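Engineer: For reference, the file final-v5.cif (mmCIF, C-alpha atoms) is included below:
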```cif
data_entry
loop_
_atom_site.label_atom_id
_atom_site.label_comp_id
_atom_site.auth_asym_id
_atom_site.auth_seq_id
_atom_site.Cartn_x
_atom_site.Cartn_y
_atom_site.Cartn_z
CA MET A 1 -18.77 82.23 50.33
CA ILE A 2 -16.75 85.23 51.52
CA ILE A 3 -14.34 85.54 54.45
CA PRO A 4 -16.29 85.77 57.74
CA VAL A 5 -15.97 89.11 59.51
CA LYS A 6 -15.15 87.66 62.92
CA CYS A 7 -13.71 84.44 64.23
CA PHE A 8 -16.56 82.00 64.96
CA THR A 9 -15.09 80.94 68.27
CA CYS A 10 -13.55 83.96 69.96
CA GLY A 11 -14.90 86.91 67.98
CA LYS A 12 -11.61 88.42 66.85
CA LEU A 13 -11.80 90.51 63.70
CA VAL A 14 -10.30 88.39 60.91
CA GLY A 15 -12.08 89.74 57.80
CA ASP A 16 -9.67 92.62 57.30
CA LYS A 17 -6.68 90.28 57.29
CA TRP A 18 -7.85 88.04 54.48
CA GLU A 19 -6.61 90.02 51.50
CA GLU A 20 -3.09 90.43 52.79
CA PHE A 21 -3.06 86.77 53.83
CA ALA A 22 -4.26 85.57 50.41
CA THR A 23 -1.81 87.68 48.40
CA ARG A 24 1.14 86.71 50.56
CA ILE A 25 0.26 83.03 50.41
CA LYS A 26 -0.03 83.26 46.65
CA ALA A 27 3.41 84.86 46.57
CA GLY A 28 4.71 81.64 48.13
CA GLU A 29 5.17 82.65 51.76
CA ASN A 30 4.77 80.14 54.55
CA ALA A 31 1.26 80.28 56.04
CA ARG A 32 2.54 80.04 59.60
CA ASP A 33 4.84 83.05 59.19
CA VAL A 34 2.10 85.11 57.52
CA LEU A 35 -0.37 84.35 60.32
CA ASP A 36 2.24 85.17 62.96
CA SER A 37 3.07 88.48 61.33
CA LEU A 38 -0.64 89.34 61.08
CA ASP A 39 -0.83 88.78 64.86
CA VAL A 40 -3.34 85.94 64.58
CA LYS A 41 -2.30 83.90 67.61
CA ARG A 42 -5.06 81.48 68.58
CA TYR A 43 -5.80 78.39 66.52
CA CYS A 44 -9.48 79.28 66.29
CA CYS A 45 -8.67 82.49 64.39
CA ARG A 46 -5.89 80.82 62.37
CA ARG A 47 -8.27 78.19 61.00
CA MET A 48 -10.66 80.96 59.89
CA LEU A 49 -8.04 82.24 57.46
CA LEU A 50 -6.38 78.91 56.68
CA SER A 51 -9.56 77.06 55.78
CA ASN A 52 -11.42 79.83 53.95
CA VAL A 53 -12.25 79.35 50.28
CA GLU A 54 -13.55 82.44 48.51
CA ILE A 55 -16.37 80.74 46.63
CA ILE A 56 -17.83 84.18 45.89
CA ASP A 57 -15.14 84.60 43.20
CA GLU A 58 -16.41 81.46 41.48
CA VAL A 59 -20.05 82.51 41.76
CA LEU A 60 -19.34 86.00 40.44
CA ARG A 61 -18.01 84.53 37.20
CA PHE A 62 -21.52 83.39 36.23
CA TYR A 63 -22.77 86.93 36.62
CA GLU A 64 -19.87 88.30 34.61
CA GLU A 65 -20.66 85.87 31.79
CA ALA A 66 -24.35 86.77 31.90
CA GLU A 67 -23.43 90.45 31.64
CA LYS A 68 -21.17 89.77 28.65
CA ARG A 69 -23.89 87.77 26.92
CA LYS A 70 -26.36 90.59 27.46
CA GLU A 71 -23.92 93.02 25.88
CA THR A 72 -23.46 90.87 22.78
CA LEU A 73 -27.24 90.49 22.43
CA ASN A 74 -27.58 94.25 22.53
CA PHE A 75 -24.82 94.58 19.95
CA TYR A 76 -26.64 92.55 17.29
CA MET B 77 -5.51 94.05 96.23
CA LYS B 78 -2.52 94.74 94.04
CA ILE B 79 -2.52 95.03 90.27
CA GLU B 80 0.56 94.75 88.14
CA ILE B 81 0.50 95.26 84.38
CA LEU B 82 2.25 92.54 82.42
CA GLU B 83 1.41 93.60 78.92
CA LYS B 84 -0.55 96.52 77.52
CA ASN B 85 -1.07 97.76 74.00
CA ASP B 86 -3.96 99.05 71.88
CA ASN B 87 -5.95 95.82 72.07
CA VAL B 88 -4.40 93.60 74.71
CA LEU B 89 -4.27 93.98 78.47
CA ARG B 90 -2.64 91.39 80.70
CA VAL B 91 -2.46 92.05 84.41
CA ILE B 92 -1.52 90.18 87.56
CA VAL B 93 -4.11 90.64 90.28
CA ARG B 94 -2.98 89.68 93.77
CA ASP B 95 -5.08 89.21 96.91
CA ALA B 96 -8.33 88.69 95.01
CA GLU B 97 -11.03 86.04 95.12
CA VAL B 98 -12.03 83.73 92.28
CA SER B 99 -15.59 85.01 92.49
CA LEU B 100 -14.51 88.60 91.88
CA MET B 101 -12.28 87.64 88.95
CA ASN B 102 -15.03 85.56 87.39
CA ALA B 103 -17.56 88.36 87.84
CA LEU B 104 -15.23 90.81 86.09
CA ARG B 105 -14.56 88.33 83.32
CA ARG B 106 -18.22 87.67 82.66
CA ILE B 107 -19.25 91.31 82.93
CA SER B 108 -16.60 92.45 80.46
CA LEU B 109 -17.89 89.86 77.99
CA ALA B 110 -21.62 90.24 78.39
CA HIS B 111 -22.51 93.50 80.13
CA VAL B 112 -20.11 96.21 78.93
CA PRO B 113 -21.94 98.08 76.16
CA CYS B 114 -20.46 98.86 72.76
CA MET B 115 -21.64 100.07 69.35
CA ALA B 116 -22.79 97.78 66.57
CA ILE B 117 -25.08 98.07 63.60
CA ASP B 118 -28.49 96.78 64.61
CA GLU B 119 -30.87 97.60 61.80
CA VAL B 120 -30.25 97.87 58.08
CA VAL B 121 -32.60 99.35 55.50
CA MET B 122 -31.76 97.99 52.06
CA ILE B 123 -32.45 100.54 49.38
CA ASP B 124 -30.87 98.69 46.52
CA ASN B 125 -29.15 95.33 46.63
CA LEU B 126 -28.16 93.85 43.29
CA SER B 127 -25.24 91.91 44.76
CA ILE B 128 -25.18 88.12 44.91
CA LEU B 129 -25.41 88.01 48.71
CA GLN B 130 -28.85 88.19 50.27
CA ASP B 131 -29.94 91.23 52.30
CA GLU B 132 -29.75 89.25 55.54
CA ILE B 133 -26.18 88.12 54.95
CA ILE B 134 -25.02 91.65 54.22
CA ALA B 135 -26.87 92.95 57.28
CA HIS B 136 -25.25 90.25 59.39
CA ARG B 137 -21.80 91.11 58.09
CA LEU B 138 -22.39 94.79 58.81
CA GLY B 139 -23.60 93.95 62.30
CA LEU B 140 -20.46 92.00 63.10
CA THR B 141 -18.15 94.76 61.84
CA PRO B 142 -16.84 96.38 65.03
CA LEU B 143 -17.41 100.13 65.35
CA LYS B 144 -15.34 102.49 67.48
CA THR B 145 -17.49 103.27 70.48
CA ASP B 146 -18.06 106.52 72.33
CA LEU B 147 -19.57 105.49 75.66
CA ASP B 148 -19.62 108.98 77.16
CA ASN B 149 -21.85 110.68 74.59
CA TYR B 150 -24.31 107.92 73.76
CA ASN B 151 -27.01 106.19 75.77
CA ILE B 152 -28.24 102.65 75.70
CA PRO B 153 -31.62 102.94 73.85
CA GLU B 154 -33.55 101.21 76.67
CA GLN B 155 -32.23 103.78 79.16
CA CYS B 156 -32.38 106.82 76.86
CA SER B 157 -34.69 109.68 77.83
CA CYS B 158 -36.27 109.74 74.35
CA GLN B 159 -38.02 106.37 74.84
CA ASN B 160 -38.57 106.41 71.12
CA GLU B 161 -38.90 103.23 69.11
CA PHE B 162 -36.67 104.69 66.40
CA GLY B 163 -34.18 106.30 68.79
CA CYS B 164 -32.78 109.81 68.86
CA THR B 165 -29.41 111.43 68.18
CA GLN B 166 -28.36 110.43 71.71
CA CYS B 167 -28.89 106.72 71.24
CA ARG B 168 -28.71 105.95 67.55
CA ILE B 169 -26.33 106.67 64.74
CA THR B 170 -26.88 106.37 61.01
CA LEU B 171 -24.35 104.99 58.58
CA THR B 172 -24.86 104.90 54.84
CA LEU B 173 -23.27 102.85 52.13
CA ASP B 174 -23.54 103.53 48.44
CA ALA B 175 -21.38 101.39 46.21
CA GLU B 176 -21.54 100.58 42.55
CA ALA B 177 -19.23 98.61 40.31
CA ASN B 178 -18.83 100.70 37.18
CA ASP B 179 -15.77 99.12 35.69
CA GLY B 180 -15.11 95.50 36.48
CA THR B 181 -15.39 93.42 39.65
CA ARG B 182 -14.69 95.17 42.92
CA THR B 183 -14.90 94.60 46.65
CA VAL B 184 -16.98 96.80 48.90
CA TYR B 185 -15.11 97.51 52.14
CA SER B 186 -16.29 98.60 55.56
CA GLY B 187 -14.33 101.82 55.01
CA GLU B 188 -16.97 102.90 52.50
CA LEU B 189 -19.58 103.22 55.24
CA VAL B 190 -20.27 106.92 55.75
CA SER B 191 -21.08 107.71 59.35
CA GLU B 192 -22.98 110.76 60.57
CA ASN B 193 -20.51 110.99 63.44
CA PRO B 194 -16.89 110.84 62.23
CA GLU B 195 -15.85 109.41 65.62
CA ILE B 196 -18.00 106.30 65.18
CA VAL B 197 -16.50 104.47 62.25
CA PRO B 198 -15.51 100.85 61.66
CA VAL B 199 -12.41 99.76 63.55
CA SER B 200 -10.89 98.51 60.32
CA ASN B 201 -11.45 99.98 56.86
CA LYS B 202 -10.49 96.74 55.17
CA VAL B 203 -13.30 94.34 56.10
CA PRO B 204 -14.82 93.03 52.87
CA ILE B 205 -18.62 93.38 52.94
CA VAL B 206 -19.45 92.00 49.51
CA LYS B 207 -18.01 91.67 46.03
CA LEU B 208 -19.77 93.26 43.07
CA VAL B 209 -19.41 92.57 39.36
CA LYS B 210 -19.82 95.26 36.73
CA GLY B 211 -23.28 96.75 36.84
CA GLN B 212 -24.21 95.57 40.33
CA LYS B 213 -24.81 98.01 43.14
CA LEU B 214 -25.45 98.15 46.83
CA LYS B 215 -27.16 101.01 48.60
CA LEU B 216 -28.23 100.85 52.20
CA GLU B 217 -28.78 102.74 55.39
CA ALA B 218 -27.64 101.17 58.65
CA TYR B 219 -28.48 102.14 62.21
CA ALA B 220 -25.98 101.49 64.97
CA ARG B 221 -26.78 101.51 68.66
CA LEU B 222 -25.26 100.55 71.97
CA GLY B 223 -25.98 97.06 73.19
CA THR B 224 -24.53 94.36 75.38
CA GLY B 225 -22.98 91.00 74.64
CA LYS B 226 -25.73 89.08 76.40
CA THR B 227 -28.14 90.11 73.62
CA HIS B 228 -25.87 89.34 70.69
CA ALA B 229 -22.18 88.54 70.31
CA LYS B 230 -21.74 91.51 67.96
CA TRP B 231 -21.96 93.75 71.04
CA GLN B 232 -19.09 92.00 72.81
CA PRO B 233 -16.31 94.54 73.36
CA VAL B 234 -13.71 91.85 74.01
CA CYS B 235 -12.86 88.69 72.13
CA VAL B 236 -10.80 87.14 74.90
CA SER B 237 -11.63 87.61 78.53
CA ALA B 238 -9.96 85.00 80.67
CA TYR B 239 -8.14 84.56 83.93
CA LYS B 240 -5.99 81.84 85.39
CA TYR B 241 -4.23 81.16 88.62
CA TYR B 242 -0.76 82.56 89.07
CA PRO B 243 1.50 79.53 88.53
CA LYS B 244 4.20 78.42 90.90
CA ILE B 245 6.72 75.96 89.48
CA ILE B 246 9.11 74.05 91.69
CA THR B 247 11.88 72.80 89.43
CA PRO B 248 13.76 69.58 90.18
CA ALA B 249 16.80 69.80 92.42
CA ALA B 250 20.25 68.52 91.49
CA SER B 251 19.17 64.88 92.06
CA CYS B 252 17.27 64.97 88.72
CA ASP B 253 18.73 62.47 86.23
CA ASP B 254 18.55 64.98 83.39
CA CYS B 255 16.08 63.16 81.10
CA LYS B 256 14.67 66.50 79.82
CA LYS B 257 11.21 64.94 79.38
CA CYS B 258 9.44 67.71 81.30
CA VAL B 259 11.08 70.36 79.11
CA ASP B 260 10.14 68.63 75.86
CA ILE B 261 6.52 67.86 76.71
CA CYS B 262 5.49 71.37 77.78
CA PRO B 263 3.13 72.77 75.10
CA LYS B 264 3.87 76.37 76.09
CA ARG B 265 7.64 75.90 76.42
CA VAL B 266 7.66 77.19 79.93
CA LEU B 267 10.72 75.22 80.99
CA GLU B 268 14.25 75.34 79.75
CA ARG B 269 17.33 73.22 80.33
CA LYS B 270 20.41 75.22 81.17
CA ASP B 271 23.87 74.15 79.96
CA ASP B 272 24.75 72.80 83.39
CA GLY B 273 21.82 70.36 83.12
CA LYS B 274 19.50 72.14 85.54
CA VAL B 275 15.89 72.66 84.49
CA THR B 276 14.78 76.26 84.98
CA VAL B 277 11.67 78.31 84.29
CA ARG B 278 11.89 80.30 81.08
CA ASP B 279 8.43 81.86 80.83
CA LEU B 280 6.36 81.51 83.98
CA TYR B 281 3.32 83.48 82.78
CA SER B 282 2.68 81.13 79.85
CA CYS B 283 2.19 78.11 82.10
CA ASN B 284 -1.42 76.92 81.89
CA LEU B 285 -1.12 74.40 84.73
CA CYS B 286 -1.71 71.42 82.43
CA MET B 287 0.56 69.18 84.59
CA ASP B 288 2.02 67.39 81.58
CA CYS B 289 5.51 67.93 82.94
CA VAL B 290 4.52 66.31 86.25
CA ASP B 291 3.16 63.25 84.43
CA ALA B 292 6.16 63.06 82.12
CA CYS B 293 8.70 62.82 84.93
CA PRO B 294 9.86 59.17 85.15
CA LYS B 295 10.49 59.43 88.91
CA LYS B 296 7.53 58.77 91.19
CA PRO B 297 6.70 60.99 92.98
CA SER B 298 7.56 63.49 90.33
CA LEU B 299 10.56 65.74 90.95
CA ILE B 300 8.96 68.74 89.28
CA LYS B 301 6.00 70.28 91.03
CA ILE B 302 3.34 72.64 89.70
CA GLU B 303 1.36 74.65 92.15
CA TRP B 304 -0.61 77.88 92.02
CA GLU B 305 -1.05 80.81 94.29
CA LYS B 306 -4.47 80.76 95.80
CA ASN B 307 -5.22 84.45 95.65
CA ALA B 308 -3.25 85.63 92.63
CA PHE B 309 -4.52 85.62 89.07
CA ILE B 310 -3.43 86.57 85.59
CA LEU B 311 -6.27 88.36 83.82
CA ASN B 312 -6.11 88.56 80.05
CA LEU B 313 -8.37 90.86 78.05
CA GLU B 314 -8.21 91.25 74.30
CA SER B 315 -10.41 93.96 72.85
CA THR B 316 -11.92 93.80 69.35
CA GLY B 317 -10.87 97.44 68.97
CA VAL B 318 -14.19 99.03 69.90
CA LEU B 319 -12.91 100.20 73.29
CA PRO B 320 -9.44 100.17 74.83
CA PRO B 321 -9.16 97.06 77.07
CA GLU B 322 -8.47 99.11 80.22
CA ARG B 323 -11.69 101.04 79.58
CA VAL B 324 -13.58 97.74 79.30
CA LEU B 325 -12.23 96.70 82.69
CA GLN B 326 -13.13 100.05 84.24
CA GLU B 327 -16.66 99.80 82.86
CA ALA B 328 -16.92 96.22 84.13
CA THR B 329 -16.07 97.28 87.68
CA LYS B 330 -18.56 100.14 87.44
CA ILE B 331 -21.31 97.78 86.27
CA LEU B 332 -20.50 95.28 89.02
CA GLY B 333 -20.86 98.09 91.55
CA GLN B 334 -24.22 99.12 90.10
CA GLN B 335 -25.49 95.56 90.17
CA LEU B 336 -24.46 95.15 93.81
CA LYS B 337 -26.10 98.45 94.74
CA GLU B 338 -29.32 97.38 93.06
CA PHE B 339 -29.18 94.06 94.86
CA GLU B 340 -28.72 95.82 98.19
CA GLU B 341 -31.70 98.08 97.54
CA GLN B 342 -33.90 95.15 96.60
CA LEU B 343 -32.81 93.39 99.77
CA LYS B 344 -33.90 96.41 101.83
CA VAL B 345 -37.30 96.41 100.14
CA GLU B 346 -37.72 92.72 100.89
CA GLN B 347 -36.87 93.21 104.56
CA GLN B 348 -39.49 95.94 104.98
#
```
How would this structure read if it were set down as structure tokens?
Structural biologist:
Amino acid sequence: MIIPVKCFTCGKLVGDKWEEFATRIKAGENARDVLDSLDVKRYCCRRMLLSNVEIIDEVLRFYEEAEKRKETLNFY
Amino acid sequence: MKIEILEKNDNVLRVIVRDAEVSLMNALRRISLAHVPCMAIDEVVMIDNLSILQDEIIAHRLGLTPLKTDLDNYNIPEQCSCQNEFGCTQCRITLTLDAEANDGTRTVYSGELVSENPEIVPVSNKVPIVKLVKGQKLKLEAYARLGTGKTHAKWQPVCVSAYKYYPKIITPAASCDDCKKCVDICPKRVLERKDDGKVTVRDLYSCNLCMDCVDACPKKPSLIKIEWEKNAFILNLESTGVLPPERVLQEATKILGQQLKEFEEQLKVEQQ
């Protein structure tokens, strides 16, 4: 759903690194270099960021649409 | 016992401990994981939650968010003089969060938690708690307290607490036929082949004694030898940021001392 706060295996804080990771990956940087520069060393923490899919963005769209529909209903 | 610091920064402490026993090292390792107290959010009162994540998920995320800990001014609730179910100012701290998305989708970060004590704040301000779309809001009150890792992993002050034997690598002598297999197979790249063909140790402290280089050597018995010093260890602590790692180790030794003292007293009682 949303990036986990800590690594499942070791407990390192990974949540705060997600946004920088995602923007830099989108900009076309190599995932390995980004993870290294974020000081994510162990493979347990690296997979947390590498394998995360922010499904919450997809789910939120339904709520956005519902809100828009409500607004149009009020308009008429 | 001799201690030598290999690496030390805000979150990582790596030391060589000489003339110590395995049992002592293991006790320190386990105590720093499970018995050193630190702050974490324990109870959350949801006042308003219109977000798409359930109350429990948000509470769980808040609980896992590490908080900077002040061990000197706060008590563990079970040992606090107040003995109050709801705690007192000495053993509990209130954090509030009030977030609303007025224009468009936005992320609520841990930095938006308002603490009653400005010293006890999240380690990082950038941990996403939840995402809100326009019109949704989140309002809550969270109570943080000291706890230990044996109760819940959110109270673990360290994420890595490990020790290993101090490695001793005996590199092949000149009679080696220079196949370089031991250098190539090492997962930690401990070994290195010099220009003159001799295999030397590049990074001794990385060696994890996996013995792959010994197995890879085509000569039997193997020309390269991996051994370890019996009474020397490399202790590696990585803090989550709640406490400096050296403080965690100091607390661990203190707790070990207390436990031994208690054991001794109980033993005296038994003997009488």
Engineer: Quick one: which chain A residues come within 12 Å of chain B, and what is the nearest atom pair for each with the distance in Å to one decimal, counting only C-alpha atoms, rows ordered by chain and ascending number, as a tab-separated table?
Structural biologist:
```
residue	atom	partner	partner_atom	distance
A:Met1	CA	B:Leu129	CA	9.0
A:Ile2	CA	B:Val206	CA	7.6
A:Ile3	CA	B:Pro204	CA	7.7
A:Pro4	CA	B:Arg137	CA	7.7
A:Val5	CA	B:Arg137	CA	6.3
A:Lys6	CA	B:Leu140	CA	6.9
A:Cys7	CA	B:Cys235	CA	9.0
A:Phe8	CA	B:Ala229	CA	10.1
A:Thr9	CA	B:Cys235	CA	8.9
A:Cys10	CA	B:Cys235	CA	5.2
A:Gly11	CA	B:Cys235	CA	5.0
A:Lys12	CA	B:Cys235	CA	5.4
A:Leu13	CA	B:Thr316	CA	6.5
A:Val14	CA	B:Val203	CA	8.2
A:Gly15	CA	B:Val203	CA	5.1
A:Asp16	CA	B:Val203	CA	4.2
A:Lys17	CA	B:Lys202	CA	7.8
A:Trp18	CA	B:Val203	CA	8.5
A:Glu19	CA	B:Lys202	CA	8.6
A:Glu20	CA	B:Lys202	CA	10.0
A:Asp39	CA	B:Asn87	CA	11.3
A:Lys41	CA	B:Glu314	CA	11.6
A:Arg42	CA	B:Val236	CA	10.2
A:Cys44	CA	B:Cys235	CA	11.6
A:Cys45	CA	B:Cys235	CA	10.8
A:Glu54	CA	B:Lys207	CA	10.5
A:Ile55	CA	B:Lys207	CA	11.1
A:Ile56	CA	B:Lys207	CA	7.5
A:Asp57	CA	B:Lys207	CA	8.1
A:Glu58	CA	B:Lys207	CA	11.3
A:Val59	CA	B:Ile128	CA	8.2
A:Leu60	CA	B:Val209	CA	6.7
A:Arg61	CA	B:Val209	CA	8.4
A:Phe62	CA	B:Val209	CA	9.9
A:Tyr63	CA	B:Val209	CA	7.1
A:Glu64	CA	B:Val209	CA	6.4
A:Glu65	CA	B:Val209	CA	10.2
A:Ala66	CA	B:Val209	CA	10.7
A:Glu67	CA	B:Lys210	CA	7.9
A:Lys68	CA	B:Lys210	CA	9.9
A:Lys70	CA	B:Gly211	CA	11.6
A:Glu71	CA	B:Gly211	CA	11.6
```
Engineer: Taking the file as shown, find all residues satisfying the PyMOL selection byres ((chain B and resi 86) around 12) and write them as a PyMOL selection string.
Structural biologist: chain B and resi 83-85+87-90+199+313-323
Engineer: Please tell me which residues are no farther than 10 Å from (-21.1, 102.5, 70.3) in the file, counting only C-alpha atoms, and write them as number ranges by chain.
Structural biologist: B: 113-117, 142-152, 167-169, 195-197, 220-223, 231, 233, 318-319
Engineer: Which polymer residues have any atom within 9 Å of an atom of Ile107 (chain B), counting only C-alpha atoms, with same-chain residues fewer than 6 positions away left out, as a PyMOL selection string?
Structural biologist: chain B and resi 325+327-329+331-332
Engineer: Restricted to C-alpha atoms, what would the selected residues look like written as a PDB file, in the coordinates of the input?
Structural biologist:
```
ATOM      1  CA  LEU B 325     -12.230  96.700  82.690  1.00  0.00           C
ATOM      2  CA  GLU B 327     -16.660  99.800  82.860  1.00  0.00           C
ATOM      3  CA  ALA B 328     -16.920  96.220  84.130  1.00  0.00           C
ATOM      4  CA  THR B 329     -16.070  97.280  87.680  1.00  0.00           C
ATOM      5  CA  ILE B 331     -21.310  97.780  86.270  1.00  0.00           C
ATOM      6  CA  LEU B 332     -20.500  95.280  89.020  1.00  0.00           C
TER       7      LEU B 332
END
```
Engineer: Would you compute the distance between CA of Val53 (chain A) and CA of Ala27 (chain A)? Give it in Å to one decimal.
Structural biologist: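 Taking CA of Val53 (chain A) as the start and CA of Ala27 (chain A) as the end point, the length is 17.0 Å.
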Engineer: So what does the PyMOL selection byres ((chain B and resi 110) around 6) actually pick up in this one, as number ranges by chain?
Structural biologist: B: 107-109, 111, 224-226
Engineer: Might you spell out which residues the PyMOL selection byres ((chain B and resi 257-270) around 7) would select in the displayed file, as an mmCIF file with C-alpha atoms, keeping the file's coordinate frame?
Structural biologist:
```cif
data_model
loop_
_atom_site.group_PDB
_atom_site.id
_atom_site.type_symbol
_atom_site.label_atom_id
_atom_site.label_comp_id
_atom_site.auth_asym_id
_atom_site.auth_seq_id
_atom_site.Cartn_x
_atom_site.Cartn_y
_atom_site.Cartn_z
ATOM 1 C CA CYS B 255 16.080 63.160 81.100
ATOM 2 C CA LYS B 256 14.670 66.500 79.820
ATOM 3 C CA ASP B 271 23.870 74.150 79.960
ATOM 4 C CA ASP B 272 24.750 72.800 83.390
ATOM 5 C CA GLY B 273 21.820 70.360 83.120
ATOM 6 C CA LYS B 274 19.500 72.140 85.540
ATOM 7 C CA VAL B 275 15.890 72.660 84.490
ATOM 8 C CA THR B 276 14.780 76.260 84.980
ATOM 9 C CA VAL B 277 11.670 78.310 84.290
ATOM 10 C CA ARG B 278 11.890 80.300 81.080
ATOM 11 C CA ASP B 279 8.430 81.860 80.830
ATOM 12 C CA LEU B 280 6.360 81.510 83.980
ATOM 13 C CA SER B 282 2.680 81.130 79.850
ATOM 14 C CA CYS B 283 2.190 78.110 82.100
ATOM 15 C CA ASP B 288 2.020 67.390 81.580
ATOM 16 C CA CYS B 289 5.510 67.930 82.940
ATOM 17 C CA ALA B 292 6.160 63.060 82.120
ATOM 18 C CA CYS B 293 8.700 62.820 84.930
#
```
Engineer: Show me, as a PDB file with C-alpha atoms, in the frame of the given file, the residues that have an atom within 12 Å of Arg24 (chain A) when counting all atoms listed in the file, minus same-chain residues fewer than 5 positions from it.
Structural biologist:
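Now in selection_28.pdb:
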```pdb
ATOM      1  CA  LYS A  17      -6.680  90.280  57.290  1.00  0.00           C
ATOM      2  CA  TRP A  18      -7.850  88.040  54.480  1.00  0.00           C
ATOM      3  CA  GLU A  19      -6.610  90.020  51.500  1.00  0.00           C
ATOM      4  CA  GLU A  29       5.170  82.650  51.760  1.00  0.00           C
ATOM      5  CA  ASN A  30       4.770  80.140  54.550  1.00  0.00           C
ATOM      6  CA  ALA A  31       1.260  80.280  56.040  1.00  0.00           C
ATOM      7  CA  ARG A  32       2.540  80.040  59.600  1.00  0.00           C
ATOM      8  CA  ASP A  33       4.840  83.050  59.190  1.00  0.00           C
ATOM      9  CA  VAL A  34       2.100  85.110  57.520  1.00  0.00           C
ATOM     10  CA  LEU A  35      -0.370  84.350  60.320  1.00  0.00           C
ATOM     11  CA  SER A  37       3.070  88.480  61.330  1.00  0.00           C
ATOM     12  CA  LEU A  38      -0.640  89.340  61.080  1.00  0.00           C
TER      13      LEU A  38
END
```
Engineer: I need the residue nearest Pro294 (chain B) from this list: B:Cys252, B:Ile310, B:Ala103, B:Val190. Use all atoms listed in the file for the distance.
Structural biologist: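 Under the stated criterion, the closest residue is B:Cys252.
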Engineer: By how many Å are CA of Glu97 (chain B) and CA of Ile302 (chain B) apart?
Structural biologist: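 According to the coordinates, CA of Glu97 (chain B) and CA of Ile302 (chain B) are separated by 20.4 Å.
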